[in-house]
Structure formats: structure tokens, C-alpha cells
file input_0.pdb (PDB, C-alpha atoms)
MODEL        1
ATOM      1  CA  MET N  33      34.988  63.431  69.324
ATOM      2  CA  SER N  34      33.952  66.605  71.125
ATOM      3  CA  SER N  35      36.384  68.786  73.020
ATOM      4  CA  ILE N  36      34.717  67.759  76.290
ATOM      5  CA  GLU N  37      35.235  64.051  75.519
ATOM      6  CA  THR N  38      38.816  64.749  74.522
ATOM      7  CA  GLY N  39      39.377  66.496  77.828
ATOM      8  CA  PHE N  40      38.071  63.482  79.757
ATOM      9  CA  VAL N  41      40.357  61.145  77.810
ATOM     10  CA  LEU N  42      43.371  63.341  78.489
ATOM     11  CA  GLU N  43      42.557  63.499  82.194
ATOM     12  CA  GLU N  44      42.164  59.715  82.363
ATOM     13  CA  ASN N  45      45.498  59.191  80.587
ATOM     14  CA  ALA N  46      47.195  61.693  82.866
ATOM     15  CA  GLY N  47      45.744  59.980  85.932
ATOM     16  CA  ALA N  48      46.913  56.586  84.711
ATOM     17  CA  GLY N  49      50.397  58.016  84.146
ATOM     18  CA  VAL N  50      50.541  59.326  87.723
ATOM     19  CA  VAL N  51      49.464  55.937  89.104
ATOM     20  CA  LYS N  52      52.102  54.139  87.031
ATOM     21  CA  SER N  53      54.777  56.589  88.189
ATOM     22  CA  ARG N  54      53.777  56.057  91.821
ATOM     23  CA  ASN N  55      53.823  52.294  91.360
ATOM     24  CA  LYS N  56      57.315  52.432  89.855
ATOM     25  CA  PHE N  57      58.535  54.675  92.667
ATOM     26  CA  GLY N  58      57.042  52.327  95.260
ATOM     27  CA  LEU N  59      58.685  49.290  93.669
ATOM     28  CA  ALA N  60      62.022  51.089  93.444
ATOM     29  CA  LEU N  61      61.769  52.099  97.103
ATOM     30  CA  LEU N  62      60.889  48.534  98.128
ATOM     31  CA  ALA N  63      63.807  47.169  96.120
ATOM     32  CA  THR N  64      66.157  49.682  97.784
ATOM     33  CA  PHE N  65      65.040  48.742 101.291
ATOM     34  CA  THR N  66      65.229  45.016 100.480
ATOM     35  CA  THR N  67      68.769  45.353  99.122
ATOM     36  CA  ALA N  68      69.834  47.367 102.161
ATOM     37  CA  ALA N  69      68.333  44.777 104.528
ATOM     38  CA  VAL N  70      70.076  41.888 102.757
ATOM     39  CA  ALA N  71      73.386  43.764 102.811
ATOM     40  CA  LEU N  72      72.975  44.535 106.525
ATOM     41  CA  VAL N  73      72.307  40.874 107.318
ATOM     42  CA  ALA N  74      75.303  39.762 105.233
ATOM     43  CA  VAL N  75      77.644  42.183 106.985
ATOM     44  CA  THR N  76      76.426  41.710 110.563
ATOM     45  CA  THR N  77      75.825  37.944 110.591
ATOM     46  CA  PRO N  78      79.544  36.997 110.937
ATOM     47  CA  PHE N  79      79.732  39.271 113.983
ATOM     48  CA  VAL N  80      76.486  38.086 115.583
ATOM     49  CA  VAL N  81      76.586  34.314 114.963
ATOM     50  CA  PRO N  82      79.599  33.647 117.279
ATOM     51  CA  ALA N  83      77.486  34.932 120.172
ATOM     52  CA  PHE N  84      75.269  31.853 119.798
ATOM     53  CA  ARG N  85      78.167  29.428 120.117
ATOM     54  CA  ARG N  86      79.104  27.724 123.387
ATOM     55  CA  VAL N  87      81.703  30.430 124.076
ATOM     56  CA  CYS N  88      81.591  33.839 122.438
ATOM     57  CA  LEU N  89      84.970  35.207 121.346
ATOM     58  CA  PRO N  90      84.253  38.873 120.570
ATOM     59  CA  TYR N  91      86.350  41.004 118.264
ATOM     60  CA  MET N  92      88.439  43.369 120.386
ATOM     61  CA  PRO N  93      91.481  44.848 118.609
ATOM     62  CA  ALA N  94      94.777  44.486 120.454
ATOM     63  CA  THR N  95      96.178  47.660 121.966
ATOM     64  CA  PRO N  96      99.672  48.789 120.913
ATOM     65  CA  LYS N  97     100.967  47.791 124.355
ATOM     66  CA  GLN N  98      99.454  44.318 124.054
ATOM     67  CA  VAL N  99     101.141  43.852 120.687
ATOM     68  CA  GLU N 100     104.431  45.015 122.194
ATOM     69  CA  ASN N 101     104.123  42.575 125.106
ATOM     70  CA  ILE N 102     103.293  39.668 122.795
ATOM     71  CA  LEU N 103     106.271  40.392 120.591
ATOM     72  CA  SER N 104     108.572  40.475 123.617
ATOM     73  CA  ALA N 105     107.543  36.854 124.296
ATOM     74  CA  ILE N 106     108.483  35.712 120.780
ATOM     75  CA  PRO N 107     112.122  35.813 119.653
ATOM     76  CA  THR N 108     113.115  37.384 116.366
ATOM     77  CA  LYS N 109     114.218  34.816 113.804
ATOM     78  CA  SER N 110     117.948  34.878 113.146
ATOM     79  CA  SER N 111     120.197  32.744 110.960
ATOM     80  CA  GLN N 112     121.059  30.598 113.994
ATOM     81  CA  SER N 113     117.597  30.338 115.561
ATOM     82  CA  LYS N 114     114.778  27.976 114.707
ATOM     83  CA  LEU N 115     111.938  29.007 112.408
ATOM     84  CA  LEU N 116     108.790  28.868 114.530
ATOM     85  CA  THR N 117     105.333  27.948 113.287
ATOM     86  CA  ILE N 118     102.884  30.071 115.245
ATOM     87  CA  ALA N 119      99.097  30.105 115.416
ATOM     88  CA  GLU N 120      97.152  33.137 116.535
ATOM     89  CA  VAL N 121      93.720  32.061 117.769
ATOM     90  CA  GLY N 122      91.101  34.750 117.204
ATOM     91  CA  SER N 123      93.369  36.766 114.917
ATOM     92  CA  GLY N 124      90.807  39.548 114.370
ATOM     93  CA  ASP N 125      92.125  42.209 112.005
ATOM     94  CA  GLY N 126      95.511  40.476 111.713
ATOM     95  CA  ARG N 127      97.645  43.115 113.371
ATOM     96  CA  VAL N 128      99.363  40.716 115.804
ATOM     97  CA  ALA N 129      99.982  37.934 113.273
ATOM     98  CA  ILE N 130     101.431  40.424 110.792
ATOM     99  CA  GLU N 131     103.867  41.834 113.341
ATOM    100  CA  ILE N 132     104.982  38.330 114.340
ATOM    101  CA  ALA N 133     105.504  37.386 110.679
ATOM    102  CA  LYS N 134     107.724  40.445 110.259
ATOM    103  CA  ARG N 135     110.019  38.851 112.837
ATOM    104  CA  GLY N 136     110.717  36.033 110.387
ATOM    105  CA  HIS N 137     108.397  33.293 111.626
ATOM    106  CA  LYS N 138     105.533  31.502 109.875
ATOM    107  CA  VAL N 139     102.172  32.598 111.283
ATOM    108  CA  ILE N 140      98.672  31.220 110.732
ATOM    109  CA  GLY N 141      95.825  33.439 111.899
ATOM    110  CA  LEU N 142      92.680  31.511 112.836
ATOM    111  CA  GLU N 143      89.506  33.605 112.743
ATOM    112  CA  LEU N 144      85.819  32.713 112.484
ATOM    113  CA  ASN N 145      84.655  36.012 110.966
ATOM    114  CA  PRO N 146      85.143  35.886 107.153
ATOM    115  CA  TRP N 147      85.180  39.688 106.816
ATOM    116  CA  LEU N 148      88.084  39.923 109.262
ATOM    117  CA  VAL N 149      89.886  37.075 107.464
ATOM    118  CA  TRP N 150      89.712  38.938 104.145
ATOM    119  CA  PHE N 151      90.697  42.225 105.769
ATOM    120  CA  SER N 152      93.701  40.529 107.412
ATOM    121  CA  ARG N 153      94.809  39.072 104.091
ATOM    122  CA  TYR N 154      94.610  42.514 102.532
ATOM    123  CA  LYS N 155      96.670  44.065 105.360
ATOM    124  CA  ALA N 156      99.269  41.295 105.073
ATOM    125  CA  PHE N 157      99.535  41.945 101.328
ATOM    126  CA  GLN N 158      99.941  45.663 102.046
ATOM    127  CA  SER N 159     102.772  44.792 104.429
ATOM    128  CA  GLY N 160     104.605  42.843 101.734
ATOM    129  CA  LEU N 161     103.927  39.422 103.295
ATOM    130  CA  THR N 162     102.898  36.326 101.370
ATOM    131  CA  SER N 163     100.738  33.390 102.434
ATOM    132  CA  ARG N 164     103.924  31.352 102.832
ATOM    133  CA  THR N 165     104.826  33.383 105.921
ATOM    134  CA  CYS N 166     101.525  34.917 107.018
ATOM    135  CA  LEU N 167      98.318  33.005 106.307
ATOM    136  CA  PHE N 168      94.785  33.678 107.513
ATOM    137  CA  ARG N 169      92.082  31.016 107.653
ATOM    138  CA  LYS N 170      88.385  30.993 108.524
ATOM    139  CA  GLN N 171      88.531  28.362 111.233
ATOM    140  CA  ASP N 172      86.735  27.311 114.405
ATOM    141  CA  LEU N 173      89.401  27.222 117.132
ATOM    142  CA  TRP N 174      87.881  24.079 118.697
ATOM    143  CA  LYS N 175      88.261  22.102 115.468
ATOM    144  CA  VAL N 176      92.013  22.667 115.091
ATOM    145  CA  ASN N 177      94.700  20.203 116.178
ATOM    146  CA  TYR N 178      97.499  22.321 117.644
ATOM    147  CA  ASN N 179     100.246  19.693 117.584
ATOM    148  CA  GLN N 180     101.743  21.317 114.467
ATOM    149  CA  TYR N 181     102.502  24.634 116.203
ATOM    150  CA  ASP N 182     105.548  25.699 118.220
ATOM    151  CA  ARG N 183     103.689  28.666 119.693
ATOM    152  CA  VAL N 184     100.021  29.544 120.093
ATOM    153  CA  VAL N 185      98.921  33.109 120.766
ATOM    154  CA  ILE N 186      95.407  33.395 122.154
ATOM    155  CA  PHE N 187      93.141  36.350 122.864
ATOM    156  CA  GLY N 188      90.531  34.499 124.879
ATOM    157  CA  VAL N 189      87.691  35.165 127.268
ATOM    158  CA  GLU N 190      87.557  33.892 130.842
ATOM    159  CA  GLU N 191      84.811  31.329 130.138
ATOM    160  CA  MET N 192      86.909  29.461 127.573
ATOM    161  CA  MET N 193      90.313  29.349 129.265
ATOM    162  CA  LYS N 194      89.827  26.149 131.273
ATOM    163  CA  GLU N 195      88.653  24.116 128.274
ATOM    164  CA  LEU N 196      91.312  25.646 126.027
ATOM    165  CA  GLU N 197      94.023  24.866 128.593
ATOM    166  CA  THR N 198      92.977  21.210 128.537
ATOM    167  CA  LYS N 199      92.915  21.087 124.719
ATOM    168  CA  LEU N 200      96.282  22.766 124.184
ATOM    169  CA  SER N 201      97.983  20.741 126.952
ATOM    170  CA  ALA N 202      96.786  17.522 125.309
ATOM    171  CA  GLU N 203      97.655  18.438 121.717
ATOM    172  CA  MET N 204     100.801  20.580 121.755
ATOM    173  CA  SER N 205     104.249  19.003 121.888
ATOM    174  CA  PRO N 206     106.439  19.215 125.011
ATOM    175  CA  GLY N 207     108.527  22.376 124.933
ATOM    176  CA  SER N 208     106.031  24.344 122.860
ATOM    177  CA  GLN N 209     104.611  27.527 124.336
ATOM    178  CA  VAL N 210     101.318  29.362 124.702
ATOM    179  CA  VAL N 211     101.080  33.139 124.920
ATOM    180  CA  ALA N 212      97.760  34.077 126.536
ATOM    181  CA  CYS N 213      96.467  37.644 126.401
ATOM    182  CA  ARG N 214      93.913  39.369 128.690
ATOM    183  CA  PHE N 215      93.026  36.154 130.568
ATOM    184  CA  HIS N 216      95.290  33.471 132.035
ATOM    185  CA  PHE N 217      94.848  29.704 132.335
ATOM    186  CA  PRO N 218      93.235  28.581 135.600
ATOM    187  CA  THR N 219      95.738  25.871 136.626
ATOM    188  CA  LEU N 220      98.914  26.037 134.518
ATOM    189  CA  GLU N 221     101.706  28.102 136.046
ATOM    190  CA  PRO N 222     103.199  30.685 133.668
ATOM    191  CA  ILE N 223     106.924  30.795 133.140
ATOM    192  CA  GLU N 224     106.679  34.544 132.575
ATOM    193  CA  VAL N 225     104.170  37.359 132.986
ATOM    194  CA  ILE N 226     104.660  40.456 130.843
ATOM    195  CA  GLY N 227     102.839  43.731 131.428
ATOM    196  CA  GLU N 228      99.948  44.473 133.742
ATOM    197  CA  GLY N 229      96.189  45.008 133.692
ATOM    198  CA  ILE N 230      94.406  44.432 130.377
ATOM    199  CA  ASP N 231      97.776  44.458 128.590
ATOM    200  CA  SER N 232      99.056  41.451 130.576
ATOM    201  CA  VAL N 233     100.530  38.507 128.689
ATOM    202  CA  TRP N 234     101.089  35.083 130.270
ATOM    203  CA  VAL N 235     103.669  32.718 128.760
ATOM    204  CA  TYR N 236     103.236  28.981 129.377
ATOM    205  CA  SER N 237     105.491  26.078 128.519
ATOM    206  CA  ILE N 238     103.790  22.786 127.628
ATOM    207  CA  SER N 239     105.382  19.821 129.367
TER     208      SER N 239
ENDMDL
END

call {"tool": "encode", "arguments": {"input": "input_0.pdb", "output": "C-alpha cells"}}
result
Amino acid sequence: MSSIETGFVLEENAGAGVVKSRNKFGLALLATFTTAAVALVAVTTPFVVPAFRRVCLPYMPATPKQVENILSAIPTKSSQSKLLTIAEVGSGDGRVAIEIAKRGHKVIGLELNPWLVWFSRYKAFQSGLTSRTCLFRKQDLWKVNYNQYDRVVIFGVEEMMKELETKLSAEMSPGSQVVACRFHFPTLEPIEVIGEGIDSVWVYSIS
């Protein structure tokens, strides 16, 4: 083979190598973008899907003052007082449920977003709490029967309060209480109002 022919062969091989390298780079780039897109969908879906339900309950962390007002409506467990079973509806990142559990009561946080449920469990573990006193569940609030709870804490939105008032009044036992945050029930009269503005907490007794 002449030197000229050899040169052509080398150039062809070099060109083929460049094409292969570009193809590999393109595939790697496509795989990266695909993985990123799948991860983005997986992370954002639990936050977006609730918006398509009949009532959207957005994640809005409780302010320190809101937590303080809620705790003032719930007695600390003592050796003489009754152990309360408390549900927090829309428990978010778990901060309220965890603080209530520290007062000695059994708390179940009900949250639709699985990422927030797992984060809450982690924070409860960090706080030294076990699932026997502070439990978080992925749960639709409309599919829960609330007759097992002595107290229900709810961070609701205005659009849901009328329907939720009807549900809780029908299911909870006489003498049990509801602690509503940010928005009050439309017809029930509160036995106590704590705080003001967005930090307001309404306490209701079920008769």
C-alpha cells in the first residue's frame, strides 16, 4: 500500500473515531437530560397533584407564633391528666405534630405529600420521638374517620372549611375539640380564639 493510500485510510479511521465520540457524547447528554427530567417530575409531582383535587391544601409552614398559639390550646400531659390522641391534618414538615408530641400526647400527622411525610419522620427521629407517640402517614384527609381522635388540628384553606366542619361534627365524639389555624369554621362558634391575624387559632368543642 502506498503512502498516499495509507494516509487516506488513517484519515477515514480518524473521521470515524470523531463521529463515534460525538455519538457517545450526544447519547450521554441525552441520558443526562432524561434523568434530570424524570427526577424533576418525581420531586414536583407530589406538590403539584394536590392542586388538581377538589380543594387544594398547599404546603405553608407554620410560623413560630402559630405553633405557640396551637400549643397553648393543648394541655401538657401530666400524671393526673388524660393522654390525648391528636390528629394534625395537613401536617406538612411535621413541626407542629412534633411539638405536640413533646407535651406527652400521641400525635398522628396526616399529609398527602410523601416527601413531607418522610421528612417529618426524619425530624421526629431527630427529636427522639418514636412512632408510638408521633406517627406520620400519607393520607387523604377526606378518607379518614376522625371518631378516634380527642383533638384535631387543622391548617385549612377557606374553601374547605364548611365541608370539613360538617365532616368533623358528624364523626368526632362529643367533648372532643378542633383547633383550626388560619381559617375558622363558617357556622360553629369557637370556645376560644387565640392570637390575631394569620396567627389566629380557633378552638371548637364538638357537641

call {"tool": "atom_distance", "arguments": {"input": "input_0.pdb", "atom1": "CA of Glu228 (chain N)", "atom2": "CA of Pro93 (chain N)"}}
result
17.3 Å

call {"tool": "resolve_selection", "arguments": {"input": "input_0.pdb", "expression": "the PyMOL selection byres ((chain N and resi 213-215) around 10)", "output": "list in words"}}
result
Ala94, Gln98, Val99, Asn101, Ile102, Val185, Ile186, Phe187, Gly188, Val189, Glu190, Glu191, Met192, Met193, Val210, Val211, Ala212, His216, Phe217, Pro218, Ile226, Glu228, Gly229, Ile230, Asp231, Ser232, Val233, Trp234 and Val235 of chain N

call {"tool": "closest_residue", "arguments": {"input": "input_0.pdb", "among": "N:Ile132, N:Trp174, N:Asn179, N:Gly122", "to": "Pro107 (chain N)", "atoms": "all atoms listed in the file"}}
result
N:Ile132

call {"tool": "resolve_selection", "arguments": {"input": "input_0.pdb", "expression": "the PyMOL selection byres ((chain N and resi 130) around 8)", "output": "list in words"}}
result
Gly126, Arg127, Val128, Ala129, Glu131, Ile132, Ala133, Lys134, Val139, Ala156, Ser159, Leu161 and Cys166 of chain N

call {"tool": "closest_residue", "arguments": {"input": "input_0.pdb", "among": "N:Ser104, N:Thr162, N:Leu200, N:Tyr91", "to": "Val225 (chain N)", "atoms": "all atoms listed in the file"}}
result
N:Ser104

call {"tool": "closest_residue", "arguments": {"input": "input_0.pdb", "among": "N:Ile238, N:Ile223, N:Lys175, N:Asp125", "to": "Glu197 (chain N)", "atoms": "all atoms listed in the file"}}
result
N:Ile238

call {"tool": "atom_distance", "arguments": {"input": "input_0.pdb", "atom1": "CA of Leu103 (chain N)", "atom2": "CA of Glu203 (chain N)"}}
result
23.6 Å

call {"tool": "residues_around", "arguments": {"input": "input_0.pdb", "residues": "Leu116 (chain N)", "least_positions_apart": "2", "cutoff": "7 Å", "atoms": "all atoms listed in the file", "output": "PyMOL selection string"}}
result
chain N and resi 114+118+137-138+182

call {"tool": "write_last_selection", "arguments": {"input": "input_0.pdb", "atoms": "C-alpha atoms", "output": "PDB file, keeping the file's coordinate frame"}}
result
ATOM      1  CA  LYS N 114     114.778  27.976 114.707  1.00  0.00           C
ATOM      2  CA  ILE N 118     102.884  30.071 115.245  1.00  0.00           C
ATOM      3  CA  HIS N 137     108.397  33.293 111.626  1.00  0.00           C
ATOM      4  CA  LYS N 138     105.533  31.502 109.875  1.00  0.00           C
ATOM      5  CA  ASP N 182     105.548  25.699 118.220  1.00  0.00           C
TER       6      ASP N 182
END

call {"tool": "atom_distance", "arguments": {"input": "input_0.pdb", "atom1": "CA of Gly136 (chain N)", "atom2": "CA of Pro206 (chain N)"}}
result
22.7 Å

call {"tool": "residues_around", "arguments": {"input": "input_0.pdb", "residues": "Val176 (chain N)", "least_positions_apart": "6", "cutoff": "10 Å", "atoms": "only C-alpha atoms", "output": "list of chain:residue names"}}
result
N:Val121, N:Leu142, N:Lys199, N:Glu203

call {"tool": "closest_residue", "arguments": {"input": "input_0.pdb", "among": "N:Trp150, N:Glu120, N:Phe157, N:Phe168", "to": "Tyr181 (chain N)", "atoms": "all atoms listed in the file"}}
result
N:Glu120

call {"tool": "closest_residue", "arguments": {"input": "input_0.pdb", "among": "N:Thr198, N:Thr95, N:Gln209, N:Asn177", "to": "Glu224 (chain N)", "atoms": "all atoms listed in the file"}}
result
N:Gln209

call {"tool": "build_atoms", "arguments": {"input": "input_0.pdb", "residues": "region 197-213 of chain N", "atoms": "N, CA, C and O atoms", "output": "PDB file, in the frame of the given file"}}
result
ATOM      1  N   GLU N 197      92.819  25.368 127.913  1.00  0.00           N
ATOM      2  CA  GLU N 197      94.023  24.866 128.593  1.00  0.00           C
ATOM      3  C   GLU N 197      94.121  23.345 128.449  1.00  0.00           C
ATOM      4  O   GLU N 197      95.192  22.803 128.135  1.00  0.00           O
ATOM      5  N   THR N 198      93.001  22.669 128.657  1.00  0.00           N
ATOM      6  CA  THR N 198      92.977  21.210 128.537  1.00  0.00           C
ATOM      7  C   THR N 198      93.301  20.773 127.109  1.00  0.00           C
ATOM      8  O   THR N 198      94.092  19.843 126.885  1.00  0.00           O
ATOM      9  N   LYS N 199      92.714  21.440 126.134  1.00  0.00           N
ATOM     10  CA  LYS N 199      92.915  21.087 124.719  1.00  0.00           C
ATOM     11  C   LYS N 199      94.366  21.301 124.295  1.00  0.00           C
ATOM     12  O   LYS N 199      94.977  20.416 123.684  1.00  0.00           O
ATOM     13  N   LEU N 200      94.913  22.461 124.603  1.00  0.00           N
ATOM     14  CA  LEU N 200      96.282  22.766 124.184  1.00  0.00           C
ATOM     15  C   LEU N 200      97.298  21.881 124.905  1.00  0.00           C
ATOM     16  O   LEU N 200      98.290  21.443 124.312  1.00  0.00           O
ATOM     17  N   SER N 201      97.067  21.601 126.191  1.00  0.00           N
ATOM     18  CA  SER N 201      97.983  20.741 126.952  1.00  0.00           C
ATOM     19  C   SER N 201      98.012  19.331 126.377  1.00  0.00           C
ATOM     20  O   SER N 201      99.054  18.664 126.389  1.00  0.00           O
ATOM     21  N   ALA N 202      96.867  18.874 125.855  1.00  0.00           N
ATOM     22  CA  ALA N 202      96.786  17.522 125.309  1.00  0.00           C
ATOM     23  C   ALA N 202      97.362  17.426 123.898  1.00  0.00           C
ATOM     24  O   ALA N 202      97.900  16.378 123.512  1.00  0.00           O
ATOM     25  N   GLU N 203      97.294  18.510 123.132  1.00  0.00           N
ATOM     26  CA  GLU N 203      97.655  18.438 121.717  1.00  0.00           C
ATOM     27  C   GLU N 203      99.042  18.985 121.386  1.00  0.00           C
ATOM     28  O   GLU N 203      99.684  18.474 120.456  1.00  0.00           O
ATOM     29  N   MET N 204      99.509  19.976 122.105  1.00  0.00           N
ATOM     30  CA  MET N 204     100.801  20.580 121.755  1.00  0.00           C
ATOM     31  C   MET N 204     101.966  19.740 122.261  1.00  0.00           C
ATOM     32  O   MET N 204     101.862  19.046 123.280  1.00  0.00           O
ATOM     33  N   SER N 205     103.069  19.801 121.545  1.00  0.00           N
ATOM     34  CA  SER N 205     104.249  19.003 121.888  1.00  0.00           C
ATOM     35  C   SER N 205     104.966  19.582 123.102  1.00  0.00           C
ATOM     36  O   SER N 205     104.926  20.797 123.335  1.00  0.00           O
ATOM     37  N   PRO N 206     105.650  18.725 123.878  1.00  0.00           N
ATOM     38  CA  PRO N 206     106.439  19.215 125.011  1.00  0.00           C
ATOM     39  C   PRO N 206     107.479  20.243 124.551  1.00  0.00           C
ATOM     40  O   PRO N 206     108.143  20.045 123.527  1.00  0.00           O
ATOM     41  N   GLY N 207     107.580  21.325 125.291  1.00  0.00           N
ATOM     42  CA  GLY N 207     108.527  22.376 124.933  1.00  0.00           C
ATOM     43  C   GLY N 207     107.906  23.507 124.127  1.00  0.00           C
ATOM     44  O   GLY N 207     108.493  24.583 124.005  1.00  0.00           O
ATOM     45  N   SER N 208     106.736  23.273 123.566  1.00  0.00           N
ATOM     46  CA  SER N 208     106.031  24.344 122.860  1.00  0.00           C
ATOM     47  C   SER N 208     105.449  25.319 123.888  1.00  0.00           C
ATOM     48  O   SER N 208     105.354  25.004 125.081  1.00  0.00           O
ATOM     49  N   GLN N 209     105.060  26.489 123.410  1.00  0.00           N
ATOM     50  CA  GLN N 209     104.611  27.527 124.336  1.00  0.00           C
ATOM     51  C   GLN N 209     103.278  28.137 123.914  1.00  0.00           C
ATOM     52  O   GLN N 209     102.936  28.155 122.728  1.00  0.00           O
ATOM     53  N   VAL N 210     102.568  28.643 124.916  1.00  0.00           N
ATOM     54  CA  VAL N 210     101.318  29.362 124.702  1.00  0.00           C
ATOM     55  C   VAL N 210     101.476  30.766 125.269  1.00  0.00           C
ATOM     56  O   VAL N 210     101.974  30.942 126.388  1.00  0.00           O
ATOM     57  N   VAL N 211     101.072  31.744 124.481  1.00  0.00           N
ATOM     58  CA  VAL N 211     101.080  33.139 124.920  1.00  0.00           C
ATOM     59  C   VAL N 211      99.618  33.568 125.044  1.00  0.00           C
ATOM     60  O   VAL N 211      98.917  33.709 124.042  1.00  0.00           O
ATOM     61  N   ALA N 212      99.149  33.730 126.276  1.00  0.00           N
ATOM     62  CA  ALA N 212      97.760  34.077 126.536  1.00  0.00           C
ATOM     63  C   ALA N 212      97.642  35.569 126.848  1.00  0.00           C
ATOM     64  O   ALA N 212      98.423  36.102 127.649  1.00  0.00           O
ATOM     65  N   CYS N 213      96.658  36.204 126.225  1.00  0.00           N
ATOM     66  CA  CYS N 213      96.467  37.644 126.401  1.00  0.00           C
ATOM     67  C   CYS N 213      95.126  37.910 127.080  1.00  0.00           C
ATOM     68  O   CYS N 213      94.135  37.247 126.791  1.00  0.00           O
TER      69      CYS N 213
END
